[in-house]
>>> print(open('work.pdb').read())   # PDB, C-alpha atoms, pLDDT in the B column
ATOM      1  CA  MET A   1     -80.446  82.350   2.811  1.00 66.00           C
ATOM      2  CA  ALA A   2     -84.189  81.669   2.621  1.00 73.00           C
ATOM      3  CA  GLU A   3     -85.798  79.266   5.090  1.00 79.00           C
ATOM      4  CA  ILE A   4     -87.744  76.487   3.418  1.00 83.00           C
ATOM      5  CA  LYS A   5     -90.044  73.885   4.971  1.00 87.00           C
ATOM      6  CA  LEU A   6     -87.973  70.871   3.966  1.00 82.00           C
ATOM      7  CA  GLY A   7     -84.808  70.444   5.978  1.00 82.00           C
ATOM      8  CA  VAL A   8     -81.621  68.787   4.818  1.00 82.00           C
ATOM      9  CA  LEU A   9     -82.318  65.207   3.796  1.00 81.00           C
ATOM     10  CA  PRO A  10     -80.657  62.526   5.930  1.00 85.00           C
ATOM     11  CA  ASP A  11     -77.974  60.262   4.532  1.00 86.00           C
ATOM     12  CA  ARG A  12     -79.829  57.707   2.419  1.00 86.00           C
ATOM     13  CA  LYS A  13     -76.837  55.720   1.217  1.00 91.00           C
ATOM     14  CA  PRO A  14     -77.606  52.049   1.849  1.00 89.00           C
ATOM     15  CA  ILE A  15     -75.261  50.080   4.056  1.00 91.00           C
ATOM     16  CA  LYS A  16     -74.716  46.481   3.028  1.00 92.00           C
ATOM     17  CA  LEU A  17     -75.050  43.857   5.747  1.00 92.00           C
ATOM     18  CA  SER A  18     -74.550  40.132   5.394  1.00 94.00           C
ATOM     19  CA  ILE A  19     -76.511  37.805   7.657  1.00 94.00           C
ATOM     20  CA  HIS A  20     -76.927  34.084   8.083  1.00 97.00           C
ATOM     21  CA  VAL A  21     -80.390  32.701   8.809  1.00 97.00           C
ATOM     22  CA  VAL A  22     -81.570  29.267   9.818  1.00 98.00           C
ATOM     23  CA  PRO A  23     -83.426  27.268   7.154  1.00 98.00           C
ATOM     24  CA  GLU A  24     -86.789  27.800   8.863  1.00 98.00           C
ATOM     25  CA  LEU A  25     -86.408  31.579   8.726  1.00 98.00           C
ATOM     26  CA  ASP A  26     -85.302  31.416   5.102  1.00 97.00           C
ATOM     27  CA  GLU A  27     -88.440  29.436   4.284  1.00 98.00           C
ATOM     28  CA  ALA A  28     -90.634  31.898   6.214  1.00 97.00           C
ATOM     29  CA  LEU A  29     -89.082  34.868   4.392  1.00 97.00           C
ATOM     30  CA  ARG A  30     -89.621  33.220   1.009  1.00 97.00           C
ATOM     31  CA  ASP A  31     -93.230  32.452   1.986  1.00 97.00           C
ATOM     32  CA  TYR A  32     -93.640  36.105   3.005  1.00 97.00           C
ATOM     33  CA  ALA A  33     -92.326  37.218  -0.391  1.00 96.00           C
ATOM     34  CA  ARG A  34     -94.819  34.923  -2.140  1.00 96.00           C
ATOM     35  CA  ILE A  35     -97.707  36.221  -0.030  1.00 96.00           C
ATOM     36  CA  TYR A  36     -96.551  39.797  -0.632  1.00 96.00           C
ATOM     37  CA  ALA A  37     -96.601  39.138  -4.393  1.00 96.00           C
ATOM     38  CA  SER A  38    -100.083  37.623  -4.298  1.00 95.00           C
ATOM     39  CA  THR A  39    -101.359  40.455  -2.091  1.00 96.00           C
ATOM     40  CA  TYR A  40     -99.922  43.373  -4.065  1.00 95.00           C
ATOM     41  CA  GLY A  41     -99.588  41.847  -7.528  1.00 95.00           C
ATOM     42  CA  ARG A  42     -95.877  42.502  -7.759  1.00 94.00           C
ATOM     43  CA  SER A  43     -92.904  40.414  -6.769  1.00 96.00           C
ATOM     44  CA  GLU A  44     -90.078  41.741  -4.650  1.00 95.00           C
ATOM     45  CA  PRO A  45     -86.990  39.720  -3.779  1.00 96.00           C
ATOM     46  CA  VAL A  46     -86.552  38.697  -0.156  1.00 96.00           C
ATOM     47  CA  GLU A  47     -83.416  40.865  -0.002  1.00 94.00           C
ATOM     48  CA  ILE A  48     -85.546  43.946  -0.748  1.00 93.00           C
ATOM     49  CA  LEU A  49     -88.295  42.991   1.713  1.00 95.00           C
ATOM     50  CA  ILE A  50     -86.006  42.287   4.686  1.00 96.00           C
ATOM     51  CA  PRO A  51     -85.111  45.966   5.385  1.00 93.00           C
ATOM     52  CA  ALA A  52     -88.806  46.919   5.260  1.00 94.00           C
ATOM     53  CA  ILE A  53     -89.715  44.023   7.559  1.00 96.00           C
ATOM     54  CA  LEU A  54     -87.006  45.034  10.041  1.00 95.00           C
ATOM     55  CA  ALA A  55     -88.014  48.700   9.921  1.00 93.00           C
ATOM     56  CA  ALA A  56     -91.678  47.821  10.536  1.00 95.00           C
ATOM     57  CA  PHE A  57     -90.698  45.594  13.444  1.00 96.00           C
ATOM     58  CA  LEU A  58     -88.526  48.272  15.067  1.00 96.00           C
ATOM     59  CA  GLU A  59     -91.148  50.977  14.535  1.00 94.00           C
ATOM     60  CA  SER A  60     -93.771  48.833  16.271  1.00 96.00           C
ATOM     61  CA  ASP A  61     -91.605  47.949  19.312  1.00 96.00           C
ATOM     62  CA  ARG A  62     -92.654  50.485  21.957  1.00 96.00           C
ATOM     63  CA  ALA A  63     -90.165  49.243  24.554  1.00 96.00           C
ATOM     64  CA  PHE A  64     -87.333  49.700  22.051  1.00 96.00           C
ATOM     65  CA  ALA A  65     -88.520  53.210  21.156  1.00 94.00           C
ATOM     66  CA  LYS A  66     -88.697  54.192  24.827  1.00 94.00           C
ATOM     67  CA  ALA A  67     -85.267  52.754  25.624  1.00 96.00           C
ATOM     68  CA  ARG A  68     -83.761  54.361  22.534  1.00 94.00           C
ATOM     69  CA  ALA A  69     -85.221  57.762  23.435  1.00 93.00           C
ATOM     70  CA  GLY A  70     -83.858  57.365  26.960  1.00 92.00           C
ATOM     71  CA  ASN A  71     -80.405  56.602  25.617  1.00 88.00           C
ATOM     72  CA  ARG A  72     -80.528  59.684  23.408  1.00 85.00           C
ATOM     73  CA  ASN A  73     -81.522  61.843  26.394  1.00 78.00           C
ATOM     74  CA  GLY A  74     -78.579  60.730  28.520  1.00 74.00           C
ATOM     75  CA  GLY A  75     -80.510  57.918  30.163  1.00 63.00           C
ATOM     76  CA  LYS A  76     -83.441  60.124  31.224  1.00 59.00           C
ATOM     77  CA  SER A  77     -86.785  58.599  30.189  1.00 48.00           C
TER      78      SER A  77
END
>>> encode(input="work.pdb", output="structure tokens")
Amino acid sequence: MAEIKLGVLPDRKPIKLSIHVVPELDEALRDYARIYASTYGRSEPVEILIPAILAAFLESDRAFAKARAGNRNGGKS
């Protein structure tokens, strides 16, 4: 079998989660969606933005990344 640059794609099947948020967070998320729409000229529902917001948050958390890498290496950081 020939070797190609692109490896096997990871599982991309979405997993549905249900969450409850306090009213203040709901308002902030709706405000974010409005600002997103005015910034990029296209509306996206809050439900679509939340996974991207969470991913961006996790990607920017250096302490989380370090701890996660340590856990994957058997606790060795």
>>> resolve_selection(input="work.pdb", expression="the PyMOL selection byres ((chain A and resi 50-63) around 12)", output="list in words")
Pro14, Ile15, Lys16, Leu17, Ser18, Ile19, Val21, Leu25, Asp26, Ala28, Leu29, Arg30, Tyr32, Ala33, Tyr36, Glu44, Pro45, Val46, Glu47, Ile48, Leu49, Phe64, Ala65, Lys66, Ala67, Arg68, Ala69, Gly70 and Ser77 of chain A
>>> atom_distance(input="work.pdb", atom1="CA of Ser43 in chain A", atom2="CA of Val22 in chain A")
23.0 Å
>>> atom_distance(input="work.pdb", atom1="CA of Ser38 in chain A", atom2="CA of Pro23 in chain A")
22.7 Å
